[in-house]
Every structure is written in structure tokens, then in C-alpha cells.
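Report on the structure given below.
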Amino acid sequence: MAEQDQQFVEDVVKAIVNHPNDVRTERTVDERGVLITLHTNPEDMGYVIGRSGQTARSIRTLLRIVGAKNNARVTLKIIEPEGSTHRRRDEMEPEAQKDEVGLDDDIDTSTVDDLTI
């Protein structure tokens with residue numbers, strides 16, 4: 001039986017990918033905390049990482065909250081499989097990096113500015 005943090009990662013990732021049966025996680029615990037290692041189908045890396053890494057960052061943020069609830073420091077490591085369709089930022093042309101980052105996007109954060117966790 002998977003721990004709550006590991007099950008959380010599996011459930012979220014399976015919900016957003018095209019090959020949910022290929023989602024696999026490993027959970028290790030050491031003196032630094034809990035490490036969840038995520039393996040997915042190479043075609044699903046773009047969905048897991050998201051534009052400018054937003055999806056991965058969001059999953060990690062929520063995972064930290066799940067871990068804090070259980071008094072544990074939880075880290076997510078995403079394994080990029082061979083043949084992945086996700087383009088790394090350092091492989092993009094400079095103009096494409098600007099578009100990927102979304103420097104022209106205005107993001108309204110006013111609804112969460114006073115949020116305390």
C-alpha cells in the first residue's frame with residue numbers, strides 16, 4: 001500500500017496524462033525526508049512538466065502541503081525517460097524561451113496575495 005504522499009502524486013499525474021497505466025512512483029525515506037520518484041510514458045512528459053514547468057511546480061507545491069500535514073519533508077523527482085517529447089528550456093532558441101516563459105503574460109495574483117498556509 002502506497003503512503004498518502006505517494007498515492008497523491010500517482011492520482012494527480014494519472015489524471016493528467018494520456019497513458020495512466022505507465023505512471024509509476026517509488027518512495028524512499030532518509031535523514032533528509034521523503035523522496036518520491038516519478039516515472040511516466042515518454043509521450044506524457046509535456047503534460048507532467050507543463051508550460052514553463054508550471055504543472056510540475058504546482059504538483060510539488062501541493063505535495064509539500066501533503067507532507068507538512070504528516071510532518072514530513074517531501075520532494076518530487078521527475079525522471080525524464082528516453083524518447084521524451086518534452087523540450088528542455090536549454091534546447092530552445094532564445095526567442096522561443098521568451099515565449100515559453102510567458103514574459104508578456106500578466107498574471108493576476110490578487111486573490112491569493114493574503115493566503116496563509
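Simple scheme: letters A, B, ... for chains in C-alpha cells order, numbers from 1 for residues in each chain, numbers from 1 for ligands in the order shown.
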
Show me, as a PDB file with N, CA and C atoms, in the first residue's frame, the residues that have an atom within 8 Å of range 30-41 of chain A when counting only C-alpha atoms, minus same-chain residues fewer than 2 positions from it.
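The result, stored in out-v3.pdb:
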```pdb
ATOM      1  N   GLN A   6       2.727   9.458  -1.694  1.00  0.00           N
ATOM      2  CA  GLN A   6       2.976   8.726  -2.937  1.00  0.00           C
ATOM      3  C   GLN A   6       1.681   8.522  -3.715  1.00  0.00           C
ATOM      4  N   HIS A  19      -1.364   8.207 -20.784  1.00  0.00           N
ATOM      5  CA  HIS A  19      -1.025   6.810 -20.524  1.00  0.00           C
ATOM      6  C   HIS A  19      -0.953   6.572 -19.008  1.00  0.00           C
ATOM      7  N   ASP A  22       1.098   3.749 -17.338  1.00  0.00           N
ATOM      8  CA  ASP A  22       2.559   3.812 -17.344  1.00  0.00           C
ATOM      9  C   ASP A  22       3.123   4.637 -16.186  1.00  0.00           C
ATOM     10  N   VAL A  23       2.248   5.239 -15.384  1.00  0.00           N
ATOM     11  CA  VAL A  23       2.699   6.056 -14.255  1.00  0.00           C
ATOM     12  C   VAL A  23       3.141   5.123 -13.128  1.00  0.00           C
ATOM     13  N   ARG A  24       4.369   5.373 -12.647  1.00  0.00           N
ATOM     14  CA  ARG A  24       4.921   4.554 -11.568  1.00  0.00           C
ATOM     15  C   ARG A  24       5.712   5.461 -10.626  1.00  0.00           C
ATOM     16  N   THR A  25       5.585   5.228  -9.338  1.00  0.00           N
ATOM     17  CA  THR A  25       6.333   6.019  -8.365  1.00  0.00           C
ATOM     18  C   THR A  25       7.113   5.098  -7.440  1.00  0.00           C
ATOM     19  N   GLU A  26       8.202   5.637  -6.927  1.00  0.00           N
ATOM     20  CA  GLU A  26       8.994   4.958  -5.905  1.00  0.00           C
ATOM     21  C   GLU A  26       9.122   5.920  -4.740  1.00  0.00           C
ATOM     22  N   ARG A  27       9.067   5.396  -3.526  1.00  0.00           N
ATOM     23  CA  ARG A  27       9.149   6.233  -2.331  1.00  0.00           C
ATOM     24  C   ARG A  27      10.316   5.776  -1.480  1.00  0.00           C
ATOM     25  N   THR A  28      11.240   6.696  -1.183  1.00  0.00           N
ATOM     26  CA  THR A  28      12.361   6.388  -0.299  1.00  0.00           C
ATOM     27  C   THR A  28      12.405   7.409   0.827  1.00  0.00           C
ATOM     28  N   GLU A  43       5.851  10.058 -23.888  1.00  0.00           N
ATOM     29  CA  GLU A  43       4.935  10.973 -24.566  1.00  0.00           C
ATOM     30  C   GLU A  43       4.195  11.896 -23.602  1.00  0.00           C
ATOM     31  N   ASP A  44       4.181  11.573 -22.315  1.00  0.00           N
ATOM     32  CA  ASP A  44       3.428  12.343 -21.331  1.00  0.00           C
ATOM     33  C   ASP A  44       4.250  13.383 -20.578  1.00  0.00           C
ATOM     34  N   MET A  45       5.549  13.474 -20.859  1.00  0.00           N
ATOM     35  CA  MET A  45       6.395  14.409 -20.109  1.00  0.00           C
ATOM     36  C   MET A  45       5.916  15.848 -20.228  1.00  0.00           C
ATOM     37  N   ALA A  72       6.355  15.762   7.416  1.00  0.00           N
ATOM     38  CA  ALA A  72       7.454  15.207   6.628  1.00  0.00           C
ATOM     39  C   ALA A  72       7.850  16.181   5.530  1.00  0.00           C
ATOM     40  N   ARG A  73       9.126  16.198   5.209  1.00  0.00           N
ATOM     41  CA  ARG A  73       9.627  16.993   4.089  1.00  0.00           C
ATOM     42  C   ARG A  73       9.614  16.077   2.876  1.00  0.00           C
ATOM     43  N   VAL A  74       8.761  16.391   1.900  1.00  0.00           N
ATOM     44  CA  VAL A  74       8.583  15.523   0.738  1.00  0.00           C
ATOM     45  C   VAL A  74       9.092  16.239  -0.515  1.00  0.00           C
ATOM     46  N   THR A  75       9.902  15.529  -1.295  1.00  0.00           N
ATOM     47  CA  THR A  75      10.468  16.060  -2.531  1.00  0.00           C
ATOM     48  C   THR A  75      10.040  15.170  -3.683  1.00  0.00           C
ATOM     49  N   LEU A  76       9.764  15.782  -4.828  1.00  0.00           N
ATOM     50  CA  LEU A  76       9.383  15.035  -6.024  1.00  0.00           C
ATOM     51  C   LEU A  76      10.498  15.126  -7.061  1.00  0.00           C
ATOM     52  N   LYS A  77      10.943  13.955  -7.524  1.00  0.00           N
ATOM     53  CA  LYS A  77      11.934  13.880  -8.602  1.00  0.00           C
ATOM     54  C   LYS A  77      11.238  13.276  -9.814  1.00  0.00           C
ATOM     55  N   ILE A  78      11.256  14.000 -10.922  1.00  0.00           N
ATOM     56  CA  ILE A  78      10.612  13.528 -12.146  1.00  0.00           C
ATOM     57  C   ILE A  78      11.694  12.987 -13.068  1.00  0.00           C
ATOM     58  N   ILE A  79      11.606  11.715 -13.388  1.00  0.00           N
ATOM     59  CA  ILE A  79      12.583  11.081 -14.273  1.00  0.00           C
ATOM     60  C   ILE A  79      12.149  11.326 -15.710  1.00  0.00           C
ATOM     61  N   GLU A  80      13.031  11.956 -16.500  1.00  0.00           N
ATOM     62  CA  GLU A  80      12.707  12.194 -17.902  1.00  0.00           C
ATOM     63  C   GLU A  80      13.140  10.963 -18.694  1.00  0.00           C
ATOM     64  N   PRO A  81      12.167  10.204 -19.197  1.00  0.00           N
ATOM     65  CA  PRO A  81      12.505   8.963 -19.891  1.00  0.00           C
ATOM     66  C   PRO A  81      13.140   9.207 -21.253  1.00  0.00           C
ATOM     67  N   SER A  84      11.564  11.134 -24.602  1.00  0.00           N
ATOM     68  CA  SER A  84      10.550  12.083 -24.140  1.00  0.00           C
ATOM     69  C   SER A  84      10.317  13.165 -25.191  1.00  0.00           C
TER      70      SER A  84
END
```

Query raised in the report: Can you tell me, as a list in words, what residues are no more than 12 Å from Asn70 in chain A when counting only C-alpha atoms, ignoring any on the same chain fewer than 6 positions away?
Result: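 Here the qualifying residues turn out to be Glu3, Gln4, Asp5, Gly33, Val34, Leu63 and Arg64 of chain A.
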
Would you save the residues of that selection, restricted to C-alpha atoms, as a PDB file, in the first residue's frame?
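File produced: part32.pdb:
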```
ATOM      1  CA  GLU A   3       1.790   6.108   1.533  1.00  0.00           C
ATOM      2  CA  GLN A   4      -0.540   9.110   1.315  1.00  0.00           C
ATOM      3  CA  ASP A   5       2.064  11.368  -0.356  1.00  0.00           C
ATOM      4  CA  GLY A  33      12.980  13.409   4.287  1.00  0.00           C
ATOM      5  CA  VAL A  34      10.834  11.596   1.753  1.00  0.00           C
ATOM      6  CA  LEU A  63       2.967  17.642  -2.329  1.00  0.00           C
ATOM      7  CA  ARG A  64       4.811  19.814   0.203  1.00  0.00           C
TER       8      ARG A  64
END
```

Report task. Return as a ChimeraX atom specification the full set of residues in range 5-101 of chain A whose backbone-based DSSP assignment is alpha helix (DSSP H). Result -> /A:5-16,45-49,54-69,94-101

Store the residues picked out above in a file with N, CA and C atoms, as a compact mmCIF listing (two decimals), in the first residue's frame.
```txt
# COMPACT_ATOMS: atom_id res chain seq x y z
N ASP A 5 1.38 10.45 0.56
CA ASP A 5 2.06 11.37 -0.36
C ASP A 5 2.33 10.71 -1.71
N GLN A 6 2.73 9.46 -1.69
CA GLN A 6 2.98 8.73 -2.94
C GLN A 6 1.68 8.52 -3.72
N GLN A 7 0.61 8.18 -3.01
CA GLN A 7 -0.68 7.98 -3.66
C GLN A 7 -1.19 9.28 -4.27
N PHE A 8 -0.95 10.40 -3.57
CA PHE A 8 -1.35 11.71 -4.09
C PHE A 8 -0.70 11.98 -5.44
N VAL A 9 0.62 11.78 -5.53
CA VAL A 9 1.34 12.02 -6.78
C VAL A 9 0.78 11.13 -7.89
N GLU A 10 0.60 9.86 -7.60
CA GLU A 10 0.09 8.93 -8.61
C GLU A 10 -1.30 9.36 -9.10
N ASP A 11 -2.18 9.71 -8.18
CA ASP A 11 -3.54 10.09 -8.56
C ASP A 11 -3.56 11.35 -9.43
N VAL A 12 -2.79 12.36 -9.05
CA VAL A 12 -2.77 13.62 -9.81
C VAL A 12 -2.18 13.38 -11.20
N VAL A 13 -1.05 12.70 -11.27
CA VAL A 13 -0.38 12.50 -12.55
C VAL A 13 -1.22 11.62 -13.47
N LYS A 14 -1.81 10.56 -12.93
CA LYS A 14 -2.65 9.69 -13.75
C LYS A 14 -3.83 10.45 -14.34
N ALA A 15 -4.31 11.47 -13.64
CA ALA A 15 -5.45 12.25 -14.11
C ALA A 15 -5.10 13.18 -15.26
N ILE A 16 -3.82 13.51 -15.44
CA ILE A 16 -3.47 14.50 -16.46
C ILE A 16 -2.72 13.92 -17.66
N MET A 45 5.55 13.47 -20.86
CA MET A 45 6.39 14.41 -20.11
C MET A 45 5.92 15.85 -20.23
N GLY A 46 5.46 16.25 -21.39
CA GLY A 46 4.97 17.62 -21.57
C GLY A 46 3.80 17.93 -20.65
N TYR A 47 2.93 16.95 -20.44
CA TYR A 47 1.78 17.15 -19.55
C TYR A 47 2.23 17.25 -18.10
N VAL A 48 3.21 16.45 -17.72
CA VAL A 48 3.68 16.43 -16.34
C VAL A 48 4.47 17.70 -16.02
N ILE A 49 5.32 18.13 -16.94
CA ILE A 49 6.12 19.32 -16.71
C ILE A 49 5.28 20.59 -16.88
N GLN A 54 5.20 24.86 -15.02
CA GLN A 54 4.14 25.24 -14.07
C GLN A 54 3.43 24.04 -13.46
N THR A 55 3.16 23.00 -14.24
CA THR A 55 2.45 21.85 -13.71
C THR A 55 3.31 21.13 -12.68
N ALA A 56 4.57 20.88 -13.02
CA ALA A 56 5.47 20.22 -12.08
C ALA A 56 5.62 21.04 -10.80
N ARG A 57 5.74 22.34 -10.94
CA ARG A 57 5.87 23.22 -9.78
C ARG A 57 4.62 23.15 -8.90
N SER A 58 3.45 23.11 -9.54
CA SER A 58 2.19 23.03 -8.78
C SER A 58 2.07 21.70 -8.05
N ILE A 59 2.43 20.61 -8.71
CA ILE A 59 2.38 19.30 -8.06
C ILE A 59 3.33 19.29 -6.86
N ARG A 60 4.52 19.86 -7.03
CA ARG A 60 5.49 19.89 -5.92
C ARG A 60 4.97 20.73 -4.76
N THR A 61 4.34 21.86 -5.07
CA THR A 61 3.79 22.71 -4.00
C THR A 61 2.71 21.97 -3.21
N LEU A 62 1.78 21.34 -3.93
CA LEU A 62 0.73 20.59 -3.25
C LEU A 62 1.31 19.41 -2.47
N LEU A 63 2.33 18.77 -3.01
CA LEU A 63 2.97 17.64 -2.33
C LEU A 63 3.63 18.10 -1.03
N ARG A 64 4.23 19.28 -1.04
CA ARG A 64 4.81 19.81 0.20
C ARG A 64 3.74 20.02 1.26
N ILE A 65 2.55 20.45 0.83
CA ILE A 65 1.45 20.65 1.78
C ILE A 65 1.00 19.31 2.35
N VAL A 66 0.88 18.30 1.50
CA VAL A 66 0.52 16.95 1.95
C VAL A 66 1.58 16.46 2.95
N GLY A 67 2.84 16.68 2.63
CA GLY A 67 3.92 16.27 3.53
C GLY A 67 3.88 17.01 4.85
N ALA A 68 3.63 18.32 4.80
CA ALA A 68 3.58 19.11 6.03
C ALA A 68 2.46 18.63 6.95
N LYS A 69 1.37 18.20 6.35
CA LYS A 69 0.25 17.66 7.14
C LYS A 69 0.69 16.43 7.93
N PRO A 94 16.61 31.24 -28.24
CA PRO A 94 16.35 32.32 -27.27
C PRO A 94 14.96 32.94 -27.41
N GLU A 95 14.48 33.16 -28.63
CA GLU A 95 13.15 33.76 -28.82
C GLU A 95 12.06 32.82 -28.32
N ALA A 96 12.24 31.51 -28.53
CA ALA A 96 11.25 30.53 -28.06
C ALA A 96 11.25 30.47 -26.55
N GLN A 97 12.41 30.66 -25.91
CA GLN A 97 12.47 30.67 -24.45
C GLN A 97 11.64 31.81 -23.91
N LYS A 98 11.73 32.98 -24.56
CA LYS A 98 10.95 34.14 -24.12
C LYS A 98 9.46 33.82 -24.18
N ASP A 99 9.03 33.19 -25.29
CA ASP A 99 7.62 32.83 -25.43
C ASP A 99 7.23 31.79 -24.40
N GLU A 100 8.10 30.82 -24.16
CA GLU A 100 7.81 29.73 -23.23
C GLU A 100 7.64 30.27 -21.81
N VAL A 101 8.50 31.20 -21.43
CA VAL A 101 8.42 31.76 -20.09
C VAL A 101 7.16 32.58 -19.91
```

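Residue-level DSSP output for range 12-84 of chain A, from the backbone, shows strand (DSSP E) at A:Arg24, A:Thr25, A:Glu26, A:Arg27, A:Thr28, A:Val29, A:Asp30, A:Gly33, A:Val34, A:Leu35, A:Ile36, A:Thr37, A:Leu38, A:His39, A:Val74, A:Thr75, A:Leu76, A:Lys77, A:Ile78.
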